[in-house]
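Trainee: Data file work-v2.txt (compact mmCIF, C-alpha atoms) is appended below.
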```txt
# COMPACT_ATOMS: atom_id res chain seq x y z
CA MET A 29 0.00 0.00 0.00
CA ASN A 30 1.51 3.34 -0.98
CA LYS A 31 1.52 6.56 1.03
CA ARG A 32 -1.44 7.98 -0.91
CA ASN A 33 -3.59 4.97 0.03
CA TYR A 34 -2.70 5.42 3.70
CA TYR A 35 -3.73 9.05 3.42
CA TYR A 36 -7.17 8.07 2.08
CA MET A 37 -7.56 5.35 4.71
CA SER A 38 -6.68 7.77 7.50
CA SER A 39 -9.08 10.33 6.09
CA ARG A 40 -11.90 7.76 6.06
CA ILE A 41 -11.14 6.87 9.69
CA ARG A 42 -11.31 10.52 10.73
CA THR A 43 -14.47 11.18 8.69
CA ARG A 44 -16.27 8.14 10.07
CA ARG A 45 -15.27 9.02 13.65
CA LYS A 46 -16.74 12.47 13.17
CA GLU A 47 -19.91 11.07 11.54
CA LEU A 48 -20.45 9.05 14.71
CA ASN A 49 -19.74 12.11 16.90
CA ILE A 50 -16.88 10.33 18.65
CA SER A 51 -14.07 12.56 19.85
CA LEU A 52 -10.45 11.70 19.22
CA GLY A 53 -10.03 11.06 22.95
CA GLU A 54 -13.07 8.79 23.15
CA LEU A 55 -11.93 6.66 20.25
CA ALA A 56 -8.38 6.48 21.57
CA GLU A 57 -9.74 5.33 24.93
CA LYS A 58 -11.91 2.64 23.32
CA LEU A 59 -8.89 1.46 21.33
CA ASN A 60 -6.66 1.59 24.42
CA ILE A 61 -4.10 3.79 22.66
CA SER A 62 -2.89 7.34 23.21
CA ILE A 63 -4.60 10.32 21.61
CA SER A 64 -1.26 11.16 20.02
CA HIS A 65 -1.02 7.74 18.37
CA LEU A 66 -4.58 7.95 17.03
CA SER A 67 -3.95 11.48 15.79
CA LYS A 68 -0.90 10.24 13.86
CA ILE A 69 -3.01 7.45 12.33
CA GLU A 70 -5.66 9.98 11.27
CA LYS A 71 -2.95 12.14 9.68
CA ALA A 72 -1.35 9.16 7.88
CA GLN A 73 1.82 9.65 9.92
CA SER A 74 1.49 6.22 11.52
CA ILE A 75 0.13 2.93 10.25
CA PRO A 76 -2.06 0.90 12.62
CA SER A 77 -1.22 -2.72 13.33
CA LEU A 78 -3.59 -5.30 11.90
CA ASP A 79 -5.15 -5.89 15.33
CA LEU A 80 -5.63 -2.16 15.88
CA PHE A 81 -7.04 -1.76 12.37
CA CYS A 82 -9.61 -4.49 13.07
CA ASP A 83 -10.55 -2.79 16.34
CA ILE A 84 -11.00 0.53 14.51
CA CYS A 85 -13.32 -1.16 12.00
CA ASP A 86 -15.36 -2.72 14.80
CA ILE A 87 -15.73 0.46 16.82
CA LEU A 88 -16.50 2.61 13.78
CA ASN A 89 -18.86 -0.08 12.48
CA VAL A 90 -17.34 -0.20 9.00
CA SER A 91 -15.87 -2.97 6.91
CA PRO A 92 -12.11 -3.17 6.34
CA ASP A 93 -12.61 -2.75 2.59
CA TYR A 94 -14.33 0.57 3.20
CA LEU A 95 -11.43 1.97 5.23
CA LEU A 96 -8.78 0.52 2.94
CA LEU A 97 -10.37 1.08 -0.46
CA GLY A 98 -13.41 3.28 0.07
CA ASN A 99 -15.74 0.51 -1.09
CA ILE A 100 -19.18 0.82 0.42
CA SER A 101 -20.81 -2.41 1.42
CA ILE A 102 -24.28 -2.97 2.75
CA ASN A 103 -22.80 -2.85 6.27
CA ASN A 104 -21.75 0.79 5.77
CA ILE A 105 -25.18 2.10 4.78
CA HIS A 106 -27.32 3.48 7.57
CA LYS A 107 -30.03 1.01 8.53
CA ASN A 108 -32.83 3.57 8.21
CA ILE A 109 -31.90 4.14 4.55
CA ILE A 110 -32.09 0.43 3.83
CA ASP A 111 -35.39 0.13 5.70
CA ASN A 112 -36.89 3.02 3.72
CA LEU A 113 -35.66 1.58 0.42
CA ARG A 114 -37.45 -1.66 1.18
CA LEU A 115 -40.73 0.29 1.23
CA CYS A 116 -40.23 1.67 -2.28
CA ASN A 117 -41.66 0.21 -5.47
CA ASN A 118 -39.54 -0.42 -8.58
CA ASP A 119 -40.37 2.95 -10.17
CA ASP A 120 -39.34 4.77 -6.97
CA LEU A 121 -36.12 2.76 -6.79
CA GLU A 122 -35.24 3.76 -10.35
CA ILE A 123 -35.68 7.46 -9.50
CA ILE A 124 -33.64 7.03 -6.31
CA ASN A 125 -30.90 5.30 -8.32
CA GLN A 126 -30.81 8.24 -10.75
CA ILE A 127 -30.54 10.72 -7.88
CA ILE A 128 -27.69 8.74 -6.32
CA ALA A 129 -25.92 8.61 -9.69
CA ILE A 130 -26.15 12.41 -9.97
CA TYR A 131 -24.67 12.93 -6.51
CA SER A 132 -21.98 10.32 -7.09
CA SER A 133 -21.01 11.94 -10.35
CA LYS A 134 -20.92 15.39 -8.75
CA ASN A 135 -18.79 14.16 -5.85
CA ASN A 136 -16.38 12.28 -8.09
CA TYR A 137 -15.99 15.34 -10.30
CA THR A 138 -15.33 17.69 -7.37
CA SER A 139 -12.89 15.34 -5.71
CA ILE A 140 -10.80 15.15 -8.92
CA ASN A 141 -10.59 18.93 -9.31
```
Output the structure of this file as structure tokens.

Mentor:
Amino acid sequence: MNKRNYYYMSSRIRTRRKELNISLGELAEKLNISISHLSKIEKAQSIPSLDLFCDICDILNVSPDYLLLGNISINNIHKNIIDNLRLCNNDDLEIINQIIAIYSSKNNYTSIN
């Protein structure tokens, strides 16, 4: 894994921690590591051990492939979104898919520029 990939992984860790409203100190405590060590991981200045990486995934409730590669699996989608999608008919799902495609395209375009 090159330095750029570690940067993206660390960014996803930080983003997910913030999405869950967990402070740096709270996550460090749950992981039984220092705030300084966690801060270095979130800045891609330190690489977590495999055990620590697995603990981070568990606490942040994300799959390893999401943190490593940015791949979203069903486990990374909020349960209420999935529950609401189950209530939609096929026509609604097609419209929702188009909306998601628009946002995905917009986000991919902005992240490149």

Trainee: State, in Å with one decimal place, the distance from atom CA of Ala72 of chain A to atom CA of Leu52 of chain A.

Mentor: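 Between atom CA of Ala72 of chain A and atom CA of Leu52 of chain A the gap works out to 14.8 Å.
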
Trainee: Output as JSON lines one row per residue of segment 58-128 of chain A within 12 Å of segment 38-43 of chain A: the closest atom pair and its distance in Å to one decimal place, counting only C-alpha atoms, sorted by chain and residue number ascending.

Mentor:
```
{"residue": "A:Leu66", "atom": "CA", "partner": "A:Arg42", "partner_atom": "CA", "distance": 9.6}
{"residue": "A:Ser67", "atom": "CA", "partner": "A:Arg42", "partner_atom": "CA", "distance": 9.0}
{"residue": "A:Lys68", "atom": "CA", "partner": "A:Ser38", "partner_atom": "CA", "distance": 8.9}
{"residue": "A:Ile69", "atom": "CA", "partner": "A:Ser38", "partner_atom": "CA", "distance": 6.1}
{"residue": "A:Glu70", "atom": "CA", "partner": "A:Ser38", "partner_atom": "CA", "distance": 4.5}
{"residue": "A:Lys71", "atom": "CA", "partner": "A:Ser38", "partner_atom": "CA", "distance": 6.1}
{"residue": "A:Ala72", "atom": "CA", "partner": "A:Ser38", "partner_atom": "CA", "distance": 5.5}
{"residue": "A:Gln73", "atom": "CA", "partner": "A:Ser38", "partner_atom": "CA", "distance": 9.0}
{"residue": "A:Ser74", "atom": "CA", "partner": "A:Ser38", "partner_atom": "CA", "distance": 9.2}
{"residue": "A:Ile75", "atom": "CA", "partner": "A:Ser38", "partner_atom": "CA", "distance": 8.8}
{"residue": "A:Pro76", "atom": "CA", "partner": "A:Ser38", "partner_atom": "CA", "distance": 9.7}
{"residue": "A:Phe81", "atom": "CA", "partner": "A:Ile41", "partner_atom": "CA", "distance": 9.9}
{"residue": "A:Cys82", "atom": "CA", "partner": "A:Ile41", "partner_atom": "CA", "distance": 12.0}
{"residue": "A:Asp83", "atom": "CA", "partner": "A:Ile41", "partner_atom": "CA", "distance": 11.7}
{"residue": "A:Ile84", "atom": "CA", "partner": "A:Ile41", "partner_atom": "CA", "distance": 8.0}
{"residue": "A:Cys85", "atom": "CA", "partner": "A:Ile41", "partner_atom": "CA", "distance": 8.6}
{"residue": "A:Asp86", "atom": "CA", "partner": "A:Ile41", "partner_atom": "CA", "distance": 11.7}
{"residue": "A:Ile87", "atom": "CA", "partner": "A:Ile41", "partner_atom": "CA", "distance": 10.6}
{"residue": "A:Leu88", "atom": "CA", "partner": "A:Ile41", "partner_atom": "CA", "distance": 8.0}
{"residue": "A:Asn89", "atom": "CA", "partner": "A:Ile41", "partner_atom": "CA", "distance": 10.8}
{"residue": "A:Val90", "atom": "CA", "partner": "A:Ile41", "partner_atom": "CA", "distance": 9.4}
{"residue": "A:Ser91", "atom": "CA", "partner": "A:Ile41", "partner_atom": "CA", "distance": 11.3}
{"residue": "A:Pro92", "atom": "CA", "partner": "A:Ile41", "partner_atom": "CA", "distance": 10.6}
{"residue": "A:Asp93", "atom": "CA", "partner": "A:Arg40", "partner_atom": "CA", "distance": 11.1}
{"residue": "A:Tyr94", "atom": "CA", "partner": "A:Arg40", "partner_atom": "CA", "distance": 8.1}
{"residue": "A:Leu95", "atom": "CA", "partner": "A:Arg40", "partner_atom": "CA", "distance": 5.9}
{"residue": "A:Leu96", "atom": "CA", "partner": "A:Arg40", "partner_atom": "CA", "distance": 8.5}
{"residue": "A:Leu97", "atom": "CA", "partner": "A:Arg40", "partner_atom": "CA", "distance": 9.5}
{"residue": "A:Gly98", "atom": "CA", "partner": "A:Arg40", "partner_atom": "CA", "distance": 7.6}
{"residue": "A:Asn99", "atom": "CA", "partner": "A:Arg40", "partner_atom": "CA", "distance": 10.9}
{"residue": "A:Ile100", "atom": "CA", "partner": "A:Arg40", "partner_atom": "CA", "distance": 11.5}
```

Trainee: Report, in Å to a single decimal, how far apart atom CA of Ile110 of chain A and atom CA of Asn125 of chain A are.

Mentor: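 Computing it gives 13.1 Å between the two atoms.
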
Trainee: How many Å lie between atom CA of Leu80 of chain A and atom CA of Leu55 of chain A, rounded to one decimal?

Mentor: 11.7 Å

Trainee: Return the single residue from A:Lys31, A:Arg45, A:His65, A:Lys58 that is closest to Ser77 of chain A, with distances computed using only C-alpha atoms.

Mentor: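 Ranked by minimum distance to Ser77 of chain A, first place goes to A:His65.
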
Trainee: I'd like the contact shell of Glu54 of chain A - 10 Å cut-off, all atoms listed in the file, skipping same-chain residues fewer than 5 positions apart - returned as a list in words.

Mentor: Arg45, Asn49, Leu59, Asn60 and Ile63 of chain A
